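Reading through the structure tokens given below for one structure.
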Amino acid sequence: MHDKTIAELAAGLKAGEFSSEELTRHYLERIQAHDPALNAFITVTEESALEAARAADAAIKSGDAGPLTGVPIAHKDIFCTDGVKTSCASKMLDNFIAPYDATVVTKLKAAGTVMLGKTNMDEFAMGSSNETSFYGPVKNPWDTAAVPGGSSGGSAAAVAARLAPAATGTDTGGSIRQPAALCGITGIKPTYGRVSRYGMIAFASSLDQGGVFAPSAEDCALMLGAMAGFDPRDSTSVDQPVPDYTAALSGDVKGLKIGLPKEYFGEGLDPEVAKVTEAAIDEYRKLGAEVVEVSLPNTHLAIPTYYVVAPAECSSNLSRFDGVRFGHRCDAPKDLEDLYKRSRAEGFGAEVQRRIMVGTYALSAGYYDAYYLKAQQLRRLIRDDFTRAFEQVDVIMGPTSPSVAFRIGEKSEDPVSMYLSDIYTIAVNLAGLPGMSIPAGFSGGLPVGLQLIGNHFDEGRLLNAADAFQRATDWHRKTPRAFS
Ligand code: GLN
């Protein structure tokens with residue numbers, strides 16, 4: 001059953017080939033058998049999953065089923081889930097039971113999905129390798145000595161190992177696209193504002209966006225259709241109707257204008273990854289797309305800009321974790337200041353503390369103009385690059401990550417080299433654009449992702465371009481042998 005796409009699972013459920021309860025049990029058993037090797041889950045919600053599955057079966061019987069009714073999924077542990085531990089993979093929230101559902105969770109529940117559990121991630125979504133989790137690193141299903149990418153590494157590993165048909169994620173600087181690439185699955189980060197951030201624990205509010213992982217673009221289209229939409233509880237969610245993403249999948253990319261940013265194919269790109277990326281672009285040429293070179297001249301400014309804006313916003317967002325209202329509180333505080341200091345020093349890991357310090361510094365009275373204001377100005381230049389490129393082309397394509405999955409421990413002592421691994425994904429968040437990563441091939445036995453970047457609210461075109469590639473190739477159907 002676990003080699004089926006969501007569309008196939010939904011058809012099987014409707015035809016009565018299997019029940020949602022059977023399907024859910026099947027995935028719960030897979031999690032039990034395989035998760036010890038991967039560490040992809042923080043919490044497995046077996047009982048409530050089976051209960052939801054039985055309710056889905058009743059809905060299917062009474063003819064009330066939608067396209068996702070009875071399909072099991074997992075949620076990144078950054079989404080609040082009513083009555084279920086929501087930790088953000090931090091010691092700070094190890095004891096936090098969310099009192100409400102995030103809008104994404106509410107919407108996917110309403111669509112009839114069955115939550116299997118909550119997935120591991122980098123602490124507060126800060127990282128590119130899943131090594132900053134309080135619960136230990138997640139392993140890549142293609143090679144358990146390698147990282148799955150981050151920060152949504154648990155969701156990506158779970159879907160790649162087929163421990164869940166789909167999983168939610170969030171992407172602030174690449175945290176859906178990069179783990180999708182490193183784990184050989186499909187992931188989409190929609191336009192900023194397309195999916196509600198309500199109940200999604202905030203890291204950098206002007207960059208964070210929820211999205212989804214699944215084996216195929218068709219599955220992502222189904223899932224995104226259920227997740228997206230205006231939410232009066234999120235002032236940055238955009239009031240625009242959600243198109244039927246599945247209907248956008250024509251399979252036709254004839255005449256599609258694809259731009260290849262010359263800055264994405266230069267120094268720093270692994271030659272094998274370049275080869276696989278170029279072969280994928282050739283496939284698009286064969287399918288009738290027109291490929292031209294474009295330039296995003298401020299690409300080199302994306303990482304320095306992001307590492308001012310994101311820490312600044314995180315330092316503000318994470319000030320709510322003070323030992324008083326949420327989560328970890330130190331033992332026997334001497335006074336209020338001691339309570340704040342020790343609760344935060346004990347509750348947050350090293351990377352989170354590093355970012356809070358950088359962000360607090362950048363926002364401080366003497367440095368605000370020199371760092372934060374400057375970064376906002378650069379952010380505009382980066383966005384203008386894309387605006388100009390989209391005057392010439394429909395979609396931008398290139399590598400998702402400069403290399404395949406690296407070894408666990410290889411970059412964890414060197415934050416700057418870790419930061420550099422997001423070179424192709426971060427600018428997309430600064431510009432608020434939608435982006436995807438799709439499986440494009442392998443290098444040394446590890447998956448390579450092709451990145452697709454669209455104009456604002458052009459998710460339908462992105463999904464169609466991804467789907468057309470997947471109709472012509474079968475990279476997205478490959479699964480890691482150890483978890484077949
Ligand atoms: N790797 C980037 C960071 O550490 C992006 C993380 C994300 O998208 N959540 O900030």
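Naming works like this for the structure tokens: A, B, ... for the chains as they're shown, residue 1 at the start of each chain, ligands 1 onward in shown order.
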Would you give me, as a ChimeraX atom specification, the residues in range 222-293 of chain A that DSSP reads as strand (DSSP E or B)?
/A:257-261,290-293
Which residues come within 9 Å of Ile31 in chain A, counting only C-alpha atoms, excluding same-chain residues fewer than 6 positions away, as number ranges by chain?
A: 40-41, 44, 158, 162-164
With N, CA and C atoms retained, could you export that selection as a compact mmCIF listing (two decimals), in the first residue's frame?
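File written: again-v8.txt
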# COMPACT_ATOMS: atom_id res chain seq x y z
N ALA A 40 12.61 10.04 12.76
CA ALA A 40 11.84 11.06 12.04
C ALA A 40 10.66 11.59 12.86
N PHE A 41 10.20 10.80 13.83
CA PHE A 41 9.02 11.23 14.62
C PHE A 41 9.42 11.61 16.04
N VAL A 44 4.16 9.87 18.17
CA VAL A 44 3.25 9.08 17.32
C VAL A 44 1.91 9.03 18.02
N ALA A 158 10.39 10.94 6.73
CA ALA A 158 9.20 10.09 6.90
C ALA A 158 8.54 9.80 5.55
N ARG A 162 8.53 6.33 3.19
CA ARG A 162 7.12 5.91 3.09
C ARG A 162 6.57 5.47 4.45
N LEU A 163 6.90 6.28 5.47
CA LEU A 163 6.28 6.08 6.79
C LEU A 163 5.02 6.94 6.89
N ALA A 164 4.81 7.79 5.90
CA ALA A 164 3.59 8.59 5.79
C ALA A 164 3.44 8.95 4.31
Excluding same-chain residues fewer than 4 positions from range 6-8 of chain A, what lies within 10 Å of it counting only C-alpha atoms, as a PDB file with C-alpha atoms, in the first residue's frame?
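Written output follows (part.pdb):
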ATOM      1  CA  MET A   1       0.000   0.000   0.000  1.00  0.00           C
ATOM      2  CA  HIS A   2       2.799   2.398   0.846  1.00  0.00           C
ATOM      3  CA  GLY A  12      -8.558   2.533  -3.142  1.00  0.00           C
ATOM      4  CA  LEU A  13     -10.386   3.869  -0.100  1.00  0.00           C
ATOM      5  CA  LYS A  14     -13.377   4.938  -2.168  1.00  0.00           C
ATOM      6  CA  PRO A  67     -10.158  13.457  -2.122  1.00  0.00           C
ATOM      7  CA  LEU A  68      -8.130  13.268   1.113  1.00  0.00           C
ATOM      8  CA  VAL A  71      -5.396   9.493   4.027  1.00  0.00           C
ATOM      9  CA  PRO A  72      -2.790   9.369   6.817  1.00  0.00           C
ATOM     10  CA  PRO A 165       2.019   9.345   2.387  1.00  0.00           C
ATOM     11  CA  ALA A 166       2.574  13.095   2.948  1.00  0.00           C
ATOM     12  CA  ALA A 214       4.812  14.130  -0.815  1.00  0.00           C
ATOM     13  CA  PRO A 215       6.217  11.731  -3.377  1.00  0.00           C
ATOM     14  CA  SER A 216       4.669  13.536  -6.360  1.00  0.00           C
ATOM     15  CA  GLU A 218       0.048  15.605  -8.013  1.00  0.00           C
ATOM     16  CA  ASP A 219      -0.042  14.693  -4.320  1.00  0.00           C
ATOM     17  CA  CYS A 220       1.314  18.112  -3.377  1.00  0.00           C
ATOM     18  CA  LEU A 222      -4.107  17.824  -3.546  1.00  0.00           C
ATOM     19  CA  MET A 223      -2.577  18.663  -0.182  1.00  0.00           C
TER      20      MET A 223
END
Looking only at the backbone, which of the residues in range 293-447 of chain A does DSSP tag as alpha helix (DSSP H), as a PyMOL selection string?
chain A and resi 302-317+336-347+350-363+374-392+415-420+426-430
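Take the candidates A:Gly225, A:Pro179, A:Pro402, A:Gly199 and check each one against ligand 1 using only C-alpha atoms and all ligand atoms; the shortest distance goes to A:Pro179.
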Counting only C-alpha atoms, the option among A:Leu93, A:Val195, A:Leu23, A:Leu378 closest to Arg320 in chain A
A:Leu93
Return as an MDAnalysis selection string every polymer residue, whether protein, DNA or RNA, with at least one atom no more than 6 Å from an atom of ligand 1; count only C-alpha atoms and all ligand atoms.
chainID A and resid 125:128 151 171:175
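Distances to Arg329 in chain A were evaluated for A:Ala56, A:Ile281, A:Ile408, A:Met92 using only C-alpha atoms, and the minimum falls at A:Met92.
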Which residues are close to Leu260 in chain A, i.e. within 8 Å by only C-alpha atoms, leaving aside same-chain residues fewer than 3 positions away? Reply as a ChimeraX atom specification.
/A:264,291-295,396-398
Set out as JSON lines a contact list for range 396-419 of chain A and range 129-141 of chain A with a cut-off of 12 Å, giving each residue of range 396-419 of chain A that qualifies its closest atom pair and distance in Å to one decimal, counting only C-alpha atoms, ordered by chain and rising residue number.
{"residue": "A:Val404", "atom": "CA", "partner": "A:Asn140", "partner_atom": "CA", "distance": 11.1}
{"residue": "A:Ala405", "atom": "CA", "partner": "A:Asn140", "partner_atom": "CA", "distance": 7.9}
{"residue": "A:Phe406", "atom": "CA", "partner": "A:Ser129", "partner_atom": "CA", "distance": 8.5}
{"residue": "A:Arg407", "atom": "CA", "partner": "A:Ser129", "partner_atom": "CA", "distance": 9.3}
{"residue": "A:Ile408", "atom": "CA", "partner": "A:Glu131", "partner_atom": "CA", "distance": 7.6}
{"residue": "A:Gly409", "atom": "CA", "partner": "A:Glu131", "partner_atom": "CA", "distance": 8.0}
{"residue": "A:Glu410", "atom": "CA", "partner": "A:Ser129", "partner_atom": "CA", "distance": 10.0}
{"residue": "A:Lys411", "atom": "CA", "partner": "A:Ser129", "partner_atom": "CA", "distance": 8.7}
{"residue": "A:Ser412", "atom": "CA", "partner": "A:Glu131", "partner_atom": "CA", "distance": 7.3}
{"residue": "A:Glu413", "atom": "CA", "partner": "A:Glu131", "partner_atom": "CA", "distance": 10.7}
{"residue": "A:Pro415", "atom": "CA", "partner": "A:Ser129", "partner_atom": "CA", "distance": 11.1}
{"residue": "A:Ser417", "atom": "CA", "partner": "A:Ser129", "partner_atom": "CA", "distance": 11.7}
{"residue": "A:Met418", "atom": "CA", "partner": "A:Ser129", "partner_atom": "CA", "distance": 8.2}
{"residue": "A:Tyr419", "atom": "CA", "partner": "A:Ser129", "partner_atom": "CA", "distance": 10.4}
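Using only C-alpha atoms, the protein and nucleic acid residues lying no more than 10 Å from Tyr284 in chain A, apart from those fewer than 6 places from it along its own chain, are A:Val253, A:Lys254, A:Leu256, A:Ile258, A:Glu278, A:Glu290, A:Val291, A:Ala465, A:Ala466, A:Ala468, A:Phe469, A:Ala472.
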N, CA, C and O atoms of the current selection, written as a short mmCIF file (atom, residue, chain, number, x, y, z; two decimals), in the first residue's frame:
data_model
loop_
_atom_site.label_atom_id
_atom_site.label_comp_id
_atom_site.auth_asym_id
_atom_site.auth_seq_id
_atom_site.Cartn_x
_atom_site.Cartn_y
_atom_site.Cartn_z
N VAL A 253 3.80 21.38 -21.10
CA VAL A 253 4.71 22.51 -20.83
C VAL A 253 5.25 23.08 -22.14
O VAL A 253 6.25 23.78 -22.14
N LYS A 254 4.55 22.77 -23.24
CA LYS A 254 4.99 23.33 -24.53
C LYS A 254 4.96 24.84 -24.47
O LYS A 254 3.97 25.44 -24.08
N LEU A 256 6.47 26.73 -22.46
CA LEU A 256 6.80 27.29 -21.14
C LEU A 256 8.19 27.91 -21.20
O LEU A 256 9.14 27.30 -21.69
N ILE A 258 11.45 28.89 -19.49
CA ILE A 258 12.22 28.57 -18.28
C ILE A 258 13.48 29.42 -18.25
O ILE A 258 14.23 29.47 -19.23
N GLU A 278 21.32 19.74 -15.19
CA GLU A 278 21.28 20.04 -16.63
C GLU A 278 20.51 18.96 -17.41
O GLU A 278 19.78 19.28 -18.35
N GLU A 290 10.93 26.24 -23.53
CA GLU A 290 11.99 27.07 -24.11
C GLU A 290 12.88 27.52 -22.96
O GLU A 290 12.39 28.05 -21.97
N VAL A 291 14.19 27.30 -23.07
CA VAL A 291 15.09 27.58 -21.95
C VAL A 291 16.01 28.75 -22.29
O VAL A 291 16.64 28.75 -23.34
N ALA A 465 4.35 22.26 -14.05
CA ALA A 465 5.68 22.01 -14.61
C ALA A 465 6.31 20.79 -13.93
O ALA A 465 6.93 19.95 -14.58
N ALA A 466 6.14 20.69 -12.61
CA ALA A 466 6.69 19.55 -11.88
C ALA A 466 6.00 18.25 -12.31
O ALA A 466 6.65 17.23 -12.55
N ALA A 468 4.49 17.60 -15.14
CA ALA A 468 4.86 17.23 -16.52
C ALA A 468 6.17 16.44 -16.51
O ALA A 468 6.31 15.42 -17.19
N PHE A 469 7.12 16.90 -15.72
CA PHE A 469 8.41 16.20 -15.59
C PHE A 469 8.19 14.80 -15.02
O PHE A 469 8.81 13.82 -15.47
N ALA A 472 6.98 12.22 -17.36
CA ALA A 472 7.97 11.78 -18.34
C ALA A 472 9.13 10.99 -17.71
O ALA A 472 9.90 10.36 -18.43
#
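Between Val242 in chain A and the residues A:Ser343, A:Gly16, A:Gly460, A:Asp369, the shortest atom-to-atom distance, using only C-alpha atoms, involves A:Gly460.
Excluding Val309 in chain A itself and same-chain residues fewer than 5 positions from it, the residues having an atom within 8 Å of it are Ala204, Gly359, Tyr372, Ala375 and Gln376 of chain A, counting only C-alpha atoms.
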Selection from above, N, CA and C atoms, as a CSV table (one decimal), in the first residue's frame, can you write it?
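Produced file part07.csv, reproduced below:
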chain,number,residue,atom,x,y,z
A,204,ALA,N,10.8,33.3,11.9
A,204,ALA,CA,11.0,34.7,11.3
A,204,ALA,C,9.7,35.0,10.5
A,359,GLY,N,20.5,38.5,16.5
A,359,GLY,CA,19.4,39.3,16.2
A,359,GLY,C,19.2,40.4,17.1
A,372,TYR,N,20.0,46.1,10.4
A,372,TYR,CA,18.6,45.7,10.0
A,372,TYR,C,18.0,46.5,8.9
A,375,ALA,N,19.7,45.5,5.7
A,375,ALA,CA,19.3,44.2,5.2
A,375,ALA,C,17.9,44.4,4.5
A,376,GLN,N,17.0,45.2,5.1
A,376,GLN,CA,15.7,45.4,4.4
A,376,GLN,C,15.9,46.0,3.0
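Here the question is which of A:Cys80, A:Leu116, A:Ala226, A:Ala10 gets nearest to Gln32 in chain A using only C-alpha atoms, and that residue is A:Leu116.
Using only C-alpha atoms for every distance, the candidate list A:Val395, A:Leu433, A:Ala345, A:Ile201 yields A:Val395 as the residue closest to Asn464 in chain A.
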Give me, as number ranges by chain, all polymer residues having an atom no more than 10 Å from Ala228 in chain A, counting only C-alpha atoms and skipping those fewer than 5 positions away in the same chain.
A: 103-104, 107-108, 190, 193-196, 210-211, 223, 237-238, 240-243
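One finds CA of Gly435 in chain A at 7.4 Å from CA of Arg177 in chain A.
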